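Read the structure below first, then the notes.
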Amino acid sequence: PLNIRELSKQNKIKVIMNKTFYELKNLKKLDLRFNSIVILEEEGLKGLINLNELDLSENRIKILVNRSFSDLNNLIKLNLSLNLIVTIEEDGFFGLENLNELNLYNNQLKFIHKNFLNRLKSLKSINLQSNSIKIIEEECFMFNENLKTLILTGNLIKTIGKNAFYGTSIQISHTFKNLKLEYLEECAFCGIQTNQIILNLDSNFFSYLKNIFFKDLLNITILSINKNKINFIEDA
């Protein structure tokens with residue numbers, strides 16, 4: 001195999017064809033920013049078994065098909081920001097068991113499905129800022145036990161499902177500020193493994209607060225609910 005360790009391509013690439021980089025077994029970093037990539041074929045990155053960092057930001061990718069990254073078992077950092085991603089198929093992140101950092105900033109995602117996150121066992125940071133996400137579904141991040149950083153600002157999130165963050169260690173001080181939140185399901189924040197929880201719900205659309213919204217938040221030290229539309233708070 002060719003002994004290239006870093007490859008940068010800022011051209012006008014539109015499609016990554018099957019096995020394009022197959023001979024680059026020693027490649028550690030691949031920079032494909034500022035291209036016009038629309039399609040990443042199922043085996044387009046096949047052979048990059050030692051790749052640690054992949055940058056596909058500022059392209060035109062709309063769909064992540066199943067097994068797009070299936071050979072990238074050693075990938076640690078994946079940047080998909082500033083694309084047009086609407087859909088991530090269920091096995092879109094198959095093979096990324098060692099991924100630590102995922103950047104999906106400024107795409108067009110409308111929901112986050114737990115099925116495409118549950119393979120990312122080592123994930124520590126995910127940036128979902130400036131998408132069009134409207135709901136965090138039940139048990140969404142439950143399988144991401146190493147998750148510490150979650151960025152959701154700039155979305156349209158109205159509700160958070162039960163046990164959405166169970167077992168994670170996310171720092172939630174500013175995660176839920178300035179969204180469109182109207183309702184939290186019972187146990188929305190249950191099971192967060194953080195010693196001191198600072199929960200900032202400022203600048204949302206809550207009209208009332210119920211006890212179930214904060215169930216199991218035994219370690220909460222500060223709760224901020226400024227700039228909402230609250231006219232009713234349930235008694236204990």
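For the structure tokens, the naming scheme is as follows: chains receive sequential letters (A, B, ...) according to their order of presentation, residues are indexed from 1 within each chain, and ligands are indexed from 1 in presentation order.
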Residues near Asn66 of chain A, cut-off 7 Å, only C-alpha atoms, skip fewer than 3 positions along chain, as a count of residues only:
5
Using only C-alpha atoms, find each residue of segment 56-117 of chain A with at least one atom at most 12 Å away from an atom of segment 150-160 of chain A; report its shortest atom-to-atom pair and that distance in Å (one decimal), sort the rows by chain and rising residue number, and return the result as a Markdown table.
| residue | atom | partner | partner_atom | distance |
| --- | --- | --- | --- | --- |
| A:Glu101 | CA | A:Leu150 | CA | 10.4 |
| A:Leu102 | CA | A:Leu150 | CA | 10.1 |
| A:Asn103 | CA | A:Ile151 | CA | 9.6 |
| A:Leu104 | CA | A:Ile151 | CA | 9.9 |
| A:Tyr105 | CA | A:Ile151 | CA | 8.9 |
| A:Asn106 | CA | A:Gly154 | CA | 8.9 |
| A:Asn107 | CA | A:Asn155 | CA | 10.5 |
| A:Gln108 | CA | A:Asn155 | CA | 9.9 |
| A:Leu109 | CA | A:Asn155 | CA | 9.4 |
| A:Lys110 | CA | A:Leu156 | CA | 8.8 |
| A:Phe111 | CA | A:Ile157 | CA | 9.2 |
| A:Ile112 | CA | A:Ile157 | CA | 10.9 |
Produce a file of the selected residues containing N, CA, C and O atoms, as a PDB file, in the first residue's frame.
ATOM      1  N   GLU A 101     -15.639  12.253  18.280  1.00  0.00           N
ATOM      2  CA  GLU A 101     -16.184  13.578  17.978  1.00  0.00           C
ATOM      3  C   GLU A 101     -16.923  13.563  16.646  1.00  0.00           C
ATOM      4  O   GLU A 101     -16.369  13.179  15.607  1.00  0.00           O
ATOM      5  N   LEU A 102     -18.188  14.010  16.675  1.00  0.00           N
ATOM      6  CA  LEU A 102     -19.022  14.065  15.472  1.00  0.00           C
ATOM      7  C   LEU A 102     -19.592  15.470  15.337  1.00  0.00           C
ATOM      8  O   LEU A 102     -20.271  15.971  16.227  1.00  0.00           O
ATOM      9  N   ASN A 103     -19.323  16.098  14.191  1.00  0.00           N
ATOM     10  CA  ASN A 103     -19.792  17.460  13.940  1.00  0.00           C
ATOM     11  C   ASN A 103     -20.803  17.454  12.799  1.00  0.00           C
ATOM     12  O   ASN A 103     -20.454  17.170  11.658  1.00  0.00           O
ATOM     13  N   LEU A 104     -22.066  17.752  13.135  1.00  0.00           N
ATOM     14  CA  LEU A 104     -23.146  17.838  12.146  1.00  0.00           C
ATOM     15  C   LEU A 104     -23.732  19.253  12.105  1.00  0.00           C
ATOM     16  O   LEU A 104     -24.881  19.458  11.717  1.00  0.00           O
ATOM     17  N   TYR A 105     -22.938  20.209  12.489  1.00  0.00           N
ATOM     18  CA  TYR A 105     -23.359  21.609  12.512  1.00  0.00           C
ATOM     19  C   TYR A 105     -23.872  22.081  11.147  1.00  0.00           C
ATOM     20  O   TYR A 105     -23.288  21.774  10.114  1.00  0.00           O
ATOM     21  N   ASN A 106     -24.967  22.803  11.186  1.00  0.00           N
ATOM     22  CA  ASN A 106     -25.517  23.464   9.997  1.00  0.00           C
ATOM     23  C   ASN A 106     -25.818  22.499   8.851  1.00  0.00           C
ATOM     24  O   ASN A 106     -25.291  22.616   7.753  1.00  0.00           O
ATOM     25  N   ASN A 107     -26.687  21.532   9.147  1.00  0.00           N
ATOM     26  CA  ASN A 107     -27.258  20.674   8.112  1.00  0.00           C
ATOM     27  C   ASN A 107     -28.772  20.877   8.114  1.00  0.00           C
ATOM     28  O   ASN A 107     -29.260  21.913   8.576  1.00  0.00           O
ATOM     29  N   GLN A 108     -29.520  19.904   7.623  1.00  0.00           N
ATOM     30  CA  GLN A 108     -30.974  20.059   7.530  1.00  0.00           C
ATOM     31  C   GLN A 108     -31.708  18.890   8.200  1.00  0.00           C
ATOM     32  O   GLN A 108     -32.805  18.523   7.790  1.00  0.00           O
ATOM     33  N   LEU A 109     -31.092  18.339   9.237  1.00  0.00           N
ATOM     34  CA  LEU A 109     -31.700  17.231   9.966  1.00  0.00           C
ATOM     35  C   LEU A 109     -32.953  17.684  10.700  1.00  0.00           C
ATOM     36  O   LEU A 109     -32.954  18.724  11.370  1.00  0.00           O
ATOM     37  N   LYS A 110     -34.009  16.877  10.613  1.00  0.00           N
ATOM     38  CA  LYS A 110     -35.268  17.205  11.277  1.00  0.00           C
ATOM     39  C   LYS A 110     -35.497  16.364  12.529  1.00  0.00           C
ATOM     40  O   LYS A 110     -36.322  16.719  13.366  1.00  0.00           O
ATOM     41  N   PHE A 111     -34.784  15.250  12.641  1.00  0.00           N
ATOM     42  CA  PHE A 111     -34.899  14.433  13.845  1.00  0.00           C
ATOM     43  C   PHE A 111     -33.616  13.641  14.053  1.00  0.00           C
ATOM     44  O   PHE A 111     -32.829  13.445  13.135  1.00  0.00           O
ATOM     45  N   ILE A 112     -33.415  13.208  15.283  1.00  0.00           N
ATOM     46  CA  ILE A 112     -32.281  12.375  15.642  1.00  0.00           C
ATOM     47  C   ILE A 112     -32.841  11.040  16.104  1.00  0.00           C
ATOM     48  O   ILE A 112     -33.562  10.969  17.089  1.00  0.00           O
TER      49      ILE A 112
END
Residues within 10 Å of Glu43 of chain A, only C-alpha atoms, excluding chain neighbours under 3 positions, as a ChimeraX atom specification:
/A:16-22,40,46-47,66-71
Do a neighbour search on segment 179-194 of chain A at 6 Å with only C-alpha atoms, toss out local chain neighbours closer than 2 positions, and write the hits as JSON, numbers by chain.
{"A": [156, 157, 158, 159, 160, 161, 162, 163, 164, 166, 167, 168, 169, 177, 196, 204, 205, 206, 212, 213, 215, 216]}
So that I have them on file, write out the residues from the current selection with C-alpha atoms, as a PDB file, in the first residue's frame.
ATOM      1  CA  LEU A 156     -36.622  24.000  16.670  1.00  0.00           C
ATOM      2  CA  ILE A 157     -36.939  21.435  19.465  1.00  0.00           C
ATOM      3  CA  LYS A 158     -40.392  21.443  21.086  1.00  0.00           C
ATOM      4  CA  THR A 159     -40.229  18.376  23.301  1.00  0.00           C
ATOM      5  CA  ILE A 160     -37.797  15.913  24.882  1.00  0.00           C
ATOM      6  CA  GLY A 161     -38.752  12.260  25.311  1.00  0.00           C
ATOM      7  CA  LYS A 162     -38.433   9.943  28.306  1.00  0.00           C
ATOM      8  CA  ASN A 163     -34.904   8.850  29.285  1.00  0.00           C
ATOM      9  CA  ALA A 164     -33.452  10.752  26.347  1.00  0.00           C
ATOM     10  CA  TYR A 166     -30.105   8.195  30.470  1.00  0.00           C
ATOM     11  CA  GLY A 167     -26.618   6.988  31.410  1.00  0.00           C
ATOM     12  CA  THR A 168     -24.760   9.864  29.735  1.00  0.00           C
ATOM     13  CA  SER A 169     -22.500  12.383  31.476  1.00  0.00           C
ATOM     14  CA  LYS A 177     -31.244  27.317  26.205  1.00  0.00           C
ATOM     15  CA  GLN A 196     -23.823  18.894  39.862  1.00  0.00           C
ATOM     16  CA  ASN A 204     -37.989  28.767  25.410  1.00  0.00           C
ATOM     17  CA  PHE A 205     -41.789  28.520  25.072  1.00  0.00           C
ATOM     18  CA  PHE A 206     -42.887  26.849  28.316  1.00  0.00           C
ATOM     19  CA  ILE A 212     -42.576  15.320  36.185  1.00  0.00           C
ATOM     20  CA  PHE A 213     -40.417  17.639  34.061  1.00  0.00           C
ATOM     21  CA  LYS A 215     -38.117  13.859  37.926  1.00  0.00           C
ATOM     22  CA  ASP A 216     -34.887  12.195  39.128  1.00  0.00           C
TER      23      ASP A 216
END
Which neighbours of Asn35 of chain A fall inside 12 Å, counting only C-alpha atoms, when residues of the same chain fewer than 5 positions from it are skipped, and could you give them as an mmCIF file with N, CA and C atoms, in the first residue's frame?
data_model
loop_
_atom_site.group_PDB
_atom_site.id
_atom_site.type_symbol
_atom_site.label_atom_id
_atom_site.label_comp_id
_atom_site.auth_asym_id
_atom_site.auth_seq_id
_atom_site.Cartn_x
_atom_site.Cartn_y
_atom_site.Cartn_z
ATOM 1 N N SER A 8 -4.998 15.968 1.363
ATOM 2 C CA SER A 8 -5.930 17.091 1.308
ATOM 3 C C SER A 8 -6.374 17.296 -0.133
ATOM 4 N N LYS A 9 -7.696 17.375 -0.309
ATOM 5 C CA LYS A 9 -8.236 17.564 -1.657
ATOM 6 C C LYS A 9 -9.327 18.620 -1.613
ATOM 7 N N GLN A 10 -9.015 19.847 -2.023
ATOM 8 C CA GLN A 10 -9.990 20.915 -2.120
ATOM 9 C C GLN A 10 -10.157 21.209 -3.608
ATOM 10 N N ASN A 11 -11.050 20.447 -4.222
ATOM 11 C CA ASN A 11 -11.258 20.527 -5.659
ATOM 12 C C ASN A 11 -12.736 20.701 -5.961
ATOM 13 N N LYS A 12 -13.222 19.989 -6.977
ATOM 14 C CA LYS A 12 -14.637 20.066 -7.353
ATOM 15 C C LYS A 12 -15.232 18.668 -7.425
ATOM 16 N N ILE A 13 -14.813 17.818 -6.484
ATOM 17 C CA ILE A 13 -15.275 16.434 -6.455
ATOM 18 C C ILE A 13 -16.772 16.396 -6.162
ATOM 19 N N LYS A 14 -17.514 15.588 -6.932
ATOM 20 C CA LYS A 14 -18.958 15.469 -6.732
ATOM 21 C C LYS A 14 -19.366 14.117 -6.152
ATOM 22 N N VAL A 15 -18.603 13.077 -6.496
ATOM 23 C CA VAL A 15 -18.950 11.735 -6.044
ATOM 24 C C VAL A 15 -17.700 11.015 -5.558
ATOM 25 N N ILE A 16 -17.802 10.361 -4.396
ATOM 26 C CA ILE A 16 -16.736 9.464 -3.938
ATOM 27 C C ILE A 16 -17.150 8.055 -4.356
ATOM 28 N N ASP A 55 -12.537 14.919 7.275
ATOM 29 C CA ASP A 55 -13.235 16.199 7.170
ATOM 30 C C ASP A 55 -13.975 16.269 5.836
ATOM 31 N N LEU A 56 -15.303 16.218 5.912
ATOM 32 C CA LEU A 56 -16.162 16.314 4.729
ATOM 33 C C LEU A 56 -17.031 17.568 4.789
ATOM 34 N N SER A 57 -16.593 18.549 5.558
ATOM 35 C CA SER A 57 -17.391 19.763 5.732
ATOM 36 C C SER A 57 -17.445 20.587 4.454
ATOM 37 N N GLU A 58 -18.475 21.433 4.380
ATOM 38 C CA GLU A 58 -18.671 22.364 3.268
ATOM 39 C C GLU A 58 -18.733 21.643 1.924
ATOM 40 N N ASN A 59 -19.579 20.601 1.887
ATOM 41 C CA ASN A 59 -19.913 19.924 0.642
ATOM 42 C C ASN A 59 -21.426 20.009 0.434
ATOM 43 N N ARG A 60 -21.980 19.095 -0.348
ATOM 44 C CA ARG A 60 -23.419 19.147 -0.646
ATOM 45 C C ARG A 60 -24.091 17.794 -0.388
ATOM 46 N N ILE A 61 -23.557 17.077 0.580
ATOM 47 C CA ILE A 61 -24.088 15.753 0.905
ATOM 48 C C ILE A 61 -25.498 15.891 1.484
ATOM 49 N N LEU A 82 -21.834 21.910 7.688
ATOM 50 C CA LEU A 82 -22.050 22.737 6.502
ATOM 51 C C LEU A 82 -22.281 21.913 5.242
ATOM 52 N N ASN A 83 -23.102 20.871 5.397
ATOM 53 C CA ASN A 83 -23.602 20.114 4.255
ATOM 54 C C ASN A 83 -25.108 20.343 4.150
#
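Residue nearest Ser125 of chain A within the list A:Lys148, A:Lys227, A:Lys29, A:Lys210: A:Lys148 [criterion: smallest interatomic distance, only C-alpha atoms].
Proximity to Thr149 of chain A was assessed for A:Ser130, A:Thr87, A:Asn50, A:Gln171 counting only C-alpha atoms; the smallest distance is recorded for A:Gln171.
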From the set A:Leu51, A:Ile133, A:Leu128, A:Ile170, which residue has the shortest atom-to-atom contact distance to Asn98 of chain A, counting only C-alpha atoms?
A:Leu51
Step one, run DSSP on the backbone; step two, keep only residues of segment 5-233 of chain A assigned to strand (DSSP E or B); then write them as number ranges by chain.
A: 6-8, 15-16, 29-31, 39-40, 53-55, 63-64, 77-79, 87-88, 101-103, 112, 125-127, 135-136, 149-151, 159-160, 183-184, 197-200, 208-209, 220-224, 232-233
From atom CA of Leu120 of chain A to atom CA of Gly95 of chain A the spacing works out at 8.6 Å
Backbone DSSP call of alpha helix (DSSP H) for segment 52-179 of chain A, listed as a ChimeraX atom specification:
/A:114-117
Atoms kept (all heavy atoms) for selection, written as a JSON list (two decimals), in the first residue's frame:
[["chain", "number", "residue", "atom", "x", "y", "z"],
["A", 114, "LYS", "N", -32.45, 7.25, 17.56],
["A", 114, "LYS", "CA", -31.50, 6.51, 18.40],
["A", 114, "LYS", "C", -30.83, 5.37, 17.66],
["A", 114, "LYS", "O", -29.72, 4.96, 18.00],
["A", 114, "LYS", "CB", -32.20, 5.98, 19.64],
["A", 114, "LYS", "CG", -33.31, 4.99, 19.37],
["A", 114, "LYS", "CD", -34.00, 4.57, 20.66],
["A", 114, "LYS", "CE", -35.16, 3.64, 20.41],
["A", 114, "LYS", "NZ", -35.87, 3.29, 21.65],
["A", 115, "ASN", "N", -31.47, 4.83, 16.64],
["A", 115, "ASN", "CA", -30.90, 3.69, 15.92],
["A", 115, "ASN", "C", -29.61, 4.03, 15.19],
["A", 115, "ASN", "O", -28.78, 3.16, 14.97],
["A", 115, "ASN", "CB", -31.92, 3.12, 14.92],
["A", 115, "ASN", "CG", -33.01, 2.33, 15.61],
["A", 115, "ASN", "OD1", -32.97, 2.14, 16.82],
["A", 115, "ASN", "ND2", -33.99, 1.89, 14.87],
["A", 116, "PHE", "N", -29.44, 5.28, 14.75],
["A", 116, "PHE", "CA", -28.16, 5.59, 14.09],
["A", 116, "PHE", "C", -27.13, 6.16, 15.05],
["A", 116, "PHE", "O", -25.99, 6.40, 14.66],
["A", 116, "PHE", "CB", -28.33, 6.45, 12.83],
["A", 116, "PHE", "CG", -28.81, 7.86, 13.03],
["A", 116, "PHE", "CD1", -28.04, 8.81, 13.68],
["A", 116, "PHE", "CD2", -30.03, 8.26, 12.51],
["A", 116, "PHE", "CE1", -28.46, 10.11, 13.81],
["A", 116, "PHE", "CE2", -30.47, 9.56, 12.64],
["A", 116, "PHE", "CZ", -29.70, 10.49, 13.29],
["A", 117, "LEU", "N", -27.50, 6.34, 16.31],
["A", 117, "LEU", "CA", -26.52, 6.76, 17.30],
["A", 117, "LEU", "C", -26.03, 5.62, 18.18],
["A", 117, "LEU", "O", -24.96, 5.69, 18.76],
["A", 117, "LEU", "CB", -27.12, 7.85, 18.20],
["A", 117, "LEU", "CG", -27.34, 9.23, 17.57],
["A", 117, "LEU", "CD1", -28.07, 10.13, 18.55],
["A", 117, "LEU", "CD2", -26.03, 9.86, 17.16]]
